[in-house]
$ cat run-v1.cif   # mmCIF, C-alpha atoms
data_start
loop_
_atom_site.label_atom_id
_atom_site.label_comp_id
_atom_site.auth_asym_id
_atom_site.auth_seq_id
_atom_site.Cartn_x
_atom_site.Cartn_y
_atom_site.Cartn_z
CA MET Q 1 -165.98 77.08 -46.46
CA SER Q 2 -165.63 74.92 -49.60
CA GLY Q 3 -166.69 71.80 -47.73
CA GLU Q 4 -169.74 73.58 -46.38
CA ILE Q 5 -170.65 74.85 -49.86
CA PHE Q 6 -170.44 71.36 -51.36
CA SER Q 7 -172.61 69.97 -48.57
CA ARG Q 8 -175.14 72.69 -49.30
CA VAL Q 9 -175.01 71.89 -53.05
CA ALA Q 10 -175.87 68.25 -52.31
CA GLU Q 11 -178.71 69.37 -50.04
CA ILE Q 12 -180.06 71.81 -52.65
CA LEU Q 13 -180.01 69.17 -55.39
CA SER Q 14 -181.78 66.65 -53.16
CA ARG Q 15 -184.56 69.17 -52.45
CA GLY Q 16 -184.79 70.41 -56.04
CA GLU Q 17 -184.31 74.02 -54.89
CA PRO Q 18 -183.02 76.25 -57.74
CA ALA Q 19 -179.73 78.04 -57.08
CA VAL Q 20 -176.56 79.13 -58.86
CA LEU Q 21 -173.03 78.21 -57.77
CA VAL Q 22 -170.59 81.02 -58.62
CA THR Q 23 -166.88 80.10 -58.53
CA VAL Q 24 -163.75 82.22 -58.91
CA VAL Q 25 -161.72 80.21 -61.44
CA ALA Q 26 -158.93 82.74 -62.07
CA ALA Q 27 -157.81 85.88 -60.24
CA GLU Q 28 -155.04 88.47 -60.49
CA GLY Q 29 -154.92 91.19 -57.84
CA ALA Q 30 -158.52 90.35 -56.85
CA PRO Q 31 -160.04 90.17 -53.33
CA ARG Q 32 -160.57 86.38 -53.48
CA GLU Q 33 -158.38 83.58 -54.76
CA PRO Q 34 -159.43 80.91 -57.26
CA GLY Q 35 -161.74 78.39 -55.63
CA ALA Q 36 -163.80 80.98 -53.72
CA ARG Q 37 -167.47 80.14 -54.10
CA MET Q 38 -170.90 81.67 -53.55
CA LEU Q 39 -174.39 80.23 -53.74
CA VAL Q 40 -177.16 82.50 -55.02
CA PHE Q 41 -180.80 81.52 -54.45
CA SER Q 42 -183.85 82.61 -56.44
CA ASP Q 43 -184.96 85.04 -53.72
CA GLY Q 44 -181.57 86.82 -53.74
CA ARG Q 45 -180.14 85.11 -50.65
CA THR Q 46 -176.45 84.22 -50.81
CA GLU Q 47 -174.03 81.94 -48.99
CA GLY Q 48 -170.27 82.36 -49.29
CA THR Q 49 -168.55 85.18 -51.18
CA VAL Q 50 -166.58 85.82 -54.37
CA GLY Q 51 -165.07 89.10 -53.19
CA GLY Q 52 -167.79 91.52 -52.14
CA GLY Q 53 -168.42 94.97 -53.54
CA ALA Q 54 -169.44 95.67 -57.11
CA LEU Q 55 -168.14 92.32 -58.36
CA GLU Q 56 -170.34 90.36 -55.98
CA HIS Q 57 -173.35 92.57 -56.71
CA HIS Q 58 -172.84 91.92 -60.43
CA ALA Q 59 -172.45 88.17 -59.80
CA ILE Q 60 -175.70 88.03 -57.82
CA GLN Q 61 -177.63 89.87 -60.53
CA LYS Q 62 -176.17 87.66 -63.25
CA ALA Q 63 -177.01 84.52 -61.27
CA LEU Q 64 -180.62 85.63 -60.83
CA GLU Q 65 -180.82 86.32 -64.57
CA LEU Q 66 -179.54 82.80 -65.30
CA LEU Q 67 -182.18 81.31 -62.99
CA ARG Q 68 -184.87 83.14 -64.94
CA ASN Q 69 -183.66 82.67 -68.48
CA GLY Q 70 -180.70 80.26 -68.67
CA PRO Q 71 -178.28 79.07 -69.97
CA ARG Q 72 -177.16 76.49 -67.42
CA THR Q 73 -173.49 77.62 -67.34
CA LEU Q 74 -171.61 80.85 -68.04
CA LEU Q 75 -167.97 82.00 -67.89
CA GLU Q 76 -167.28 85.72 -67.41
CA ASP Q 77 -164.01 87.70 -67.31
CA HIS Q 78 -163.94 90.95 -65.34
CA THR Q 79 -161.52 93.84 -65.04
CA LEU Q 80 -162.35 95.01 -61.53
CA ARG Q 81 -161.60 98.67 -62.21
CA ASP Q 82 -164.31 98.60 -64.90
CA LEU Q 83 -166.74 97.55 -62.15
CA GLY Q 84 -165.72 100.54 -60.01
CA MET Q 85 -163.46 98.58 -57.66
CA LEU Q 86 -160.33 100.61 -56.84
CA CYS Q 87 -158.28 97.50 -56.10
CA GLY Q 88 -158.07 96.88 -59.85
CA GLY Q 89 -157.04 93.39 -60.92
CA LYS Q 90 -158.85 90.77 -62.93
CA THR Q 91 -161.07 87.83 -62.09
CA THR Q 92 -162.95 85.13 -63.95
CA LEU Q 93 -166.24 83.80 -62.61
CA PHE Q 94 -167.93 80.54 -63.55
CA TYR Q 95 -171.70 80.27 -63.03
CA GLU Q 96 -173.45 76.91 -62.78
CA VAL Q 97 -177.22 76.62 -62.40
CA LEU Q 98 -178.04 73.85 -59.91
CA GLN Q 99 -181.22 72.10 -60.93
CA THR Q 100 -182.32 68.52 -60.68
CA PRO Q 101 -183.63 66.96 -63.91
CA PRO Q 102 -187.33 67.48 -64.63
CA THR Q 103 -189.82 64.83 -63.51
CA LEU Q 104 -192.30 63.07 -65.78
CA ALA Q 105 -195.25 61.98 -63.61
CA ILE Q 106 -197.55 59.49 -65.34
CA PHE Q 107 -200.89 58.65 -63.74
CA GLY Q 108 -202.14 55.30 -65.00
CA ALA Q 109 -200.08 52.17 -65.68
CA GLY Q 110 -202.13 51.06 -68.66
CA HIS Q 111 -200.75 50.30 -72.12
CA VAL Q 112 -200.03 53.93 -73.01
CA GLY Q 113 -198.72 54.88 -69.57
CA ILE Q 114 -196.25 51.99 -69.43
CA LEU Q 115 -194.99 52.58 -72.98
CA LEU Q 116 -194.65 56.30 -72.32
CA ALA Q 117 -192.61 55.61 -69.18
CA LYS Q 118 -190.40 53.11 -71.01
CA ILE Q 119 -189.69 55.33 -74.02
CA ALA Q 120 -189.06 58.38 -71.83
CA HIS Q 121 -186.68 56.44 -69.59
CA GLU Q 122 -184.71 55.16 -72.57
CA THR Q 123 -184.43 58.53 -74.31
CA MET Q 124 -184.33 61.27 -71.63
CA PRO Q 125 -182.26 61.90 -68.48
CA TRP Q 126 -185.41 62.74 -66.50
CA LYS Q 127 -186.88 61.21 -63.40
CA ILE Q 128 -189.85 59.04 -64.42
CA VAL Q 129 -192.54 58.16 -61.88
CA LEU Q 130 -195.52 55.93 -62.70
CA TYR Q 131 -198.60 56.14 -60.44
CA ASP Q 132 -201.49 53.67 -60.34
CA ASP Q 133 -204.23 52.65 -57.91
CA ARG Q 134 -203.58 48.95 -58.57
CA LYS Q 135 -200.62 47.74 -56.54
CA GLU Q 136 -200.09 44.70 -58.76
CA ARG Q 137 -199.28 47.00 -61.69
CA ALA Q 138 -195.83 47.49 -60.14
CA GLU Q 139 -194.88 44.16 -61.74
CA LEU Q 140 -195.40 45.71 -65.20
CA CYS Q 141 -193.32 48.79 -64.44
CA PRO Q 142 -190.20 48.88 -66.66
CA LYS Q 143 -186.87 48.52 -64.88
CA GLY Q 144 -185.36 51.81 -63.70
CA ILE Q 145 -188.72 53.57 -63.37
CA GLU Q 146 -190.18 54.44 -59.99
CA PHE Q 147 -193.63 53.02 -59.27
CA GLN Q 148 -195.92 54.63 -56.70
CA HIS Q 149 -199.10 52.93 -55.50
CA LEU Q 150 -201.80 55.60 -55.20
CA PRO Q 151 -204.92 53.97 -53.68
CA ALA Q 152 -208.11 55.34 -55.28
CA TYR Q 153 -205.95 58.15 -56.72
CA GLN Q 154 -206.29 60.00 -53.42
CA ASN Q 155 -203.55 62.14 -51.87
CA VAL Q 156 -201.99 63.12 -55.19
CA PRO Q 157 -198.43 64.35 -54.46
CA LYS Q 158 -197.66 68.06 -54.77
CA PHE Q 159 -195.46 69.05 -57.67
CA SER Q 160 -193.24 71.97 -58.61
CA GLY Q 161 -192.92 73.74 -61.95
CA ARG Q 162 -190.26 71.26 -63.13
CA THR Q 163 -192.79 68.42 -63.29
CA TYR Q 164 -194.60 67.35 -66.46
CA ALA Q 165 -197.71 65.32 -65.71
CA VAL Q 166 -199.76 63.00 -67.93
CA VAL Q 167 -203.14 61.63 -66.84
CA ALA Q 168 -204.03 58.27 -68.40
CA THR Q 169 -205.97 56.34 -65.77
CA GLU Q 170 -208.58 53.63 -66.42
CA SER Q 171 -211.67 55.88 -66.23
CA HIS Q 172 -212.96 59.37 -66.94
CA GLU Q 173 -213.86 59.72 -63.28
CA THR Q 174 -210.33 59.13 -62.00
CA ASP Q 175 -208.86 61.21 -64.84
CA PHE Q 176 -211.01 64.11 -63.66
CA GLN Q 177 -210.11 63.47 -60.04
CA VAL Q 178 -206.36 63.55 -60.71
CA ALA Q 179 -206.58 66.57 -63.03
CA ALA Q 180 -208.57 68.52 -60.45
CA ALA Q 181 -205.99 67.72 -57.76
CA LEU Q 182 -203.08 68.79 -59.97
CA LEU Q 183 -204.73 71.99 -61.21
CA GLY Q 184 -205.53 72.94 -57.62
CA GLN Q 185 -201.84 72.94 -56.66
CA ASP Q 186 -199.67 76.03 -56.44
CA PRO Q 187 -197.55 76.12 -58.50
CA GLY Q 188 -198.34 72.59 -59.65
CA PRO Q 189 -196.80 70.91 -62.71
CA ALA Q 190 -195.52 73.01 -65.60
CA TYR Q 191 -197.39 70.84 -68.08
CA LEU Q 192 -200.54 68.73 -67.73
CA GLY Q 193 -201.83 66.43 -70.45
CA MET Q 194 -204.71 63.97 -70.49
CA LEU Q 195 -205.71 61.10 -72.77
CA GLY Q 196 -209.10 61.52 -74.38
CA SER Q 197 -211.23 62.81 -77.22
CA ARG Q 198 -212.25 66.40 -77.90
CA ALA Q 199 -215.69 65.60 -76.49
CA LYS Q 200 -214.12 64.31 -73.29
CA ALA Q 201 -211.90 67.40 -73.13
CA ALA Q 202 -214.89 69.74 -73.31
CA GLU Q 203 -216.74 67.78 -70.61
CA ILE Q 204 -213.72 67.62 -68.29
CA ARG Q 205 -212.93 71.33 -68.69
CA ALA Q 206 -216.52 72.29 -67.88
CA LYS Q 207 -216.43 70.18 -64.71
CA LEU Q 208 -213.05 71.63 -63.70
CA LEU Q 209 -214.31 75.18 -64.14
CA SER Q 210 -217.37 74.34 -62.03
CA LEU Q 211 -214.96 73.63 -59.15
CA GLY Q 212 -213.76 77.23 -59.29
CA LEU Q 213 -210.32 76.37 -60.64
CA PRO Q 214 -208.54 79.22 -62.48
CA LYS Q 215 -209.70 79.47 -66.08
CA GLU Q 216 -206.16 79.92 -67.42
CA LYS Q 217 -205.04 76.69 -65.75
CA VAL Q 218 -208.02 74.72 -67.05
CA GLU Q 219 -207.52 76.04 -70.57
CA ALA Q 220 -203.84 75.06 -70.44
CA LEU Q 221 -204.78 71.38 -69.95
CA ARG Q 222 -203.60 69.49 -73.04
CA CYS Q 223 -206.48 67.18 -73.96
CA PRO Q 224 -206.37 65.31 -76.28
CA VAL Q 225 -202.72 65.01 -75.27
CA GLY Q 226 -199.99 64.46 -77.85
CA LEU Q 227 -198.96 65.83 -81.22
CA PRO Q 228 -201.19 64.77 -84.14
CA LEU Q 229 -199.00 62.01 -85.60
CA GLY Q 230 -201.97 60.15 -87.05
CA GLY Q 231 -201.79 56.75 -85.38
CA LYS Q 232 -203.95 55.47 -82.53
CA ASP Q 233 -202.04 52.41 -81.33
CA PRO Q 234 -200.52 52.70 -77.80
CA GLY Q 235 -196.94 53.02 -79.08
CA THR Q 236 -197.73 55.85 -81.47
CA VAL Q 237 -199.81 57.63 -78.84
CA ALA Q 238 -196.96 57.35 -76.33
CA VAL Q 239 -194.49 58.79 -78.86
CA SER Q 240 -196.90 61.62 -79.69
CA ILE Q 241 -197.26 62.49 -75.98
CA LEU Q 242 -193.52 62.48 -75.38
CA SER Q 243 -192.98 64.60 -78.51
CA GLU Q 244 -195.45 67.18 -77.24
CA ILE Q 245 -193.84 67.25 -73.77
CA LEU Q 246 -190.39 67.82 -75.26
CA ALA Q 247 -191.70 70.51 -77.60
CA PHE Q 248 -193.30 72.27 -74.62
CA HIS Q 249 -190.16 71.88 -72.51
CA HIS Q 250 -187.98 73.45 -75.21
CA GLY Q 251 -190.39 76.30 -75.90
CA ALA Q 252 -191.64 75.18 -79.31
CA ARG Q 253 -195.04 76.35 -80.47
CA LEU Q 254 -197.72 73.69 -80.01
CA PRO Q 255 -200.76 73.26 -82.28
#

$ encode --input "run-v1.cif" --output "structure tokens"
Amino acid sequence: MSGEIFSRVAEILSRGEPAVLVTVVAAEGAPREPGARMLVFSDGRTEGTVGGGALEHHAIQKALELLRNGPRTLLEDHTLRDLGMLCGGKTTLFYEVLQTPPTLAIFGAGHVGILLAKIAHETMPWKIVLYDDRKERAELCPKGIEFQHLPAYQNVPKFSGRTYAVVATESHETDFQVAAALLGQDPGPAYLGMLGSRAKAAEIRAKLLSLGLPKEKVEALRCPVGLPLGGKDPGTVAVSILSEILAFHHGARLP
């Protein structure tokens, strides 16, 4: 079963599907020996077993709690009689949340977009993807960053809640187009920021609301994007955007 579990772990990570791997790391008089494993998915489905009964029920509930609130790993010792299992004995379970790194999706390979991609790639273990409607912009893409040609910014990819998106295209029209596509997704990215002034933000939000997009999603759009660091040069703007994304990711209060 271990081989099958590890194959499933690789498959889960490749798809970005959240799950928890629960492993028996120590056991004394317990139903399963060390090395027994179970996968727990966000909808409560399981594969494999760590011993059944009250212990397994507890492990499933704890795994679901970790998927909701973290942390990424947990080690728990159990006296089985305390869990109502007549067999007695002791066991230690190790929980590991299986999640691929977040994705930073940047729309627009202009000065700010390229610098943002470069700084993020050098400082964070995230997947960085740079989108632009100009194929030749791939030559400017920093090494190690994925470039995706997106003709006319049509067919914007669908994203999950572990994606952080920044819109910084060459025009207000394509900014609006990309933002509308992203806000219309379910669930869509966890964070959406856009380059621009406060006047542009008000105009864009009004147009987005006119499309019938949910008000709470439109209001969550971060425009002007970035923490107020004071500078306006592309490097400072890129740093301010990345700072805001990290603050959002870690649950800090944003201005």

$ resolve_selection --input "run-v1.cif" --expression "the PyMOL selection byres ((chain Q and resi 5) around 10)" --output "list in words"
Met1, Ser2, Gly3, Glu4, Phe6, Ser7, Arg8, Val9, Ala10, Glu11, Leu21, Ala36, Arg37, Met38, Leu39, Glu47 and Gly48 of chain Q

$ closest_atom_pairs --input "run-v1.cif" --of "stretch 96-153 of chain Q" --to "stretch 68-91 of chain Q" --cutoff "10 Å" --atoms "all atoms listed in the file" --output "tab-separated table"
residue	atom	partner	partner_atom	distance
Q:Glu96	CA	Q:Thr73	CA	4.6
Q:Val97	CA	Q:Arg72	CA	5.0
Q:Leu98	CA	Q:Arg72	CA	8.0
Q:Gln99	CA	Q:Arg72	CA	8.8

$ residues_around --input "run-v1.cif" --residues "Q:Arg222" --least-positions-apart "3" --cutoff "8 Å" --atoms "only C-alpha atoms" --output "list in words"
Leu192, Gly193, Met194, Val225 and Gly226 of chain Q

$ atom_distance --input "run-v1.cif" --atom1 "atom CA of Q:Glu216" --atom2 "atom CA of Q:Val156"
21.2 Å

$ atom_distance --input "run-v1.cif" --atom1 "atom CA of Q:Phe159" --atom2 "atom CA of Q:Ala190"
8.9 Å

$ resolve_selection --input "run-v1.cif" --expression "the PyMOL selection byres ((chain Q and resi 175) around 10)" --output "number ranges by chain"
Q: 107-108, 153, 166-174, 176-180, 194-196, 204

$ residues_around --input "run-v1.cif" --residues "stretch 230-241 of chain Q" --least-positions-apart "4" --cutoff "8 Å" --atoms "all atoms listed in the file" --output "JSON, numbers by chain"
{"Q": [111, 112, 113, 115, 116, 119, 225, 226, 245]}

$ residues_around --input "run-v1.cif" --residues "Q:Leu67" --least-positions-apart "2" --cutoff "8 Å" --atoms "all atoms listed in the file" --output "list in words"
Pro18, Ala19, Val20, Ser42, Ala63, Leu64, Glu65, Asn69, Gly70 and Val97 of chain Q
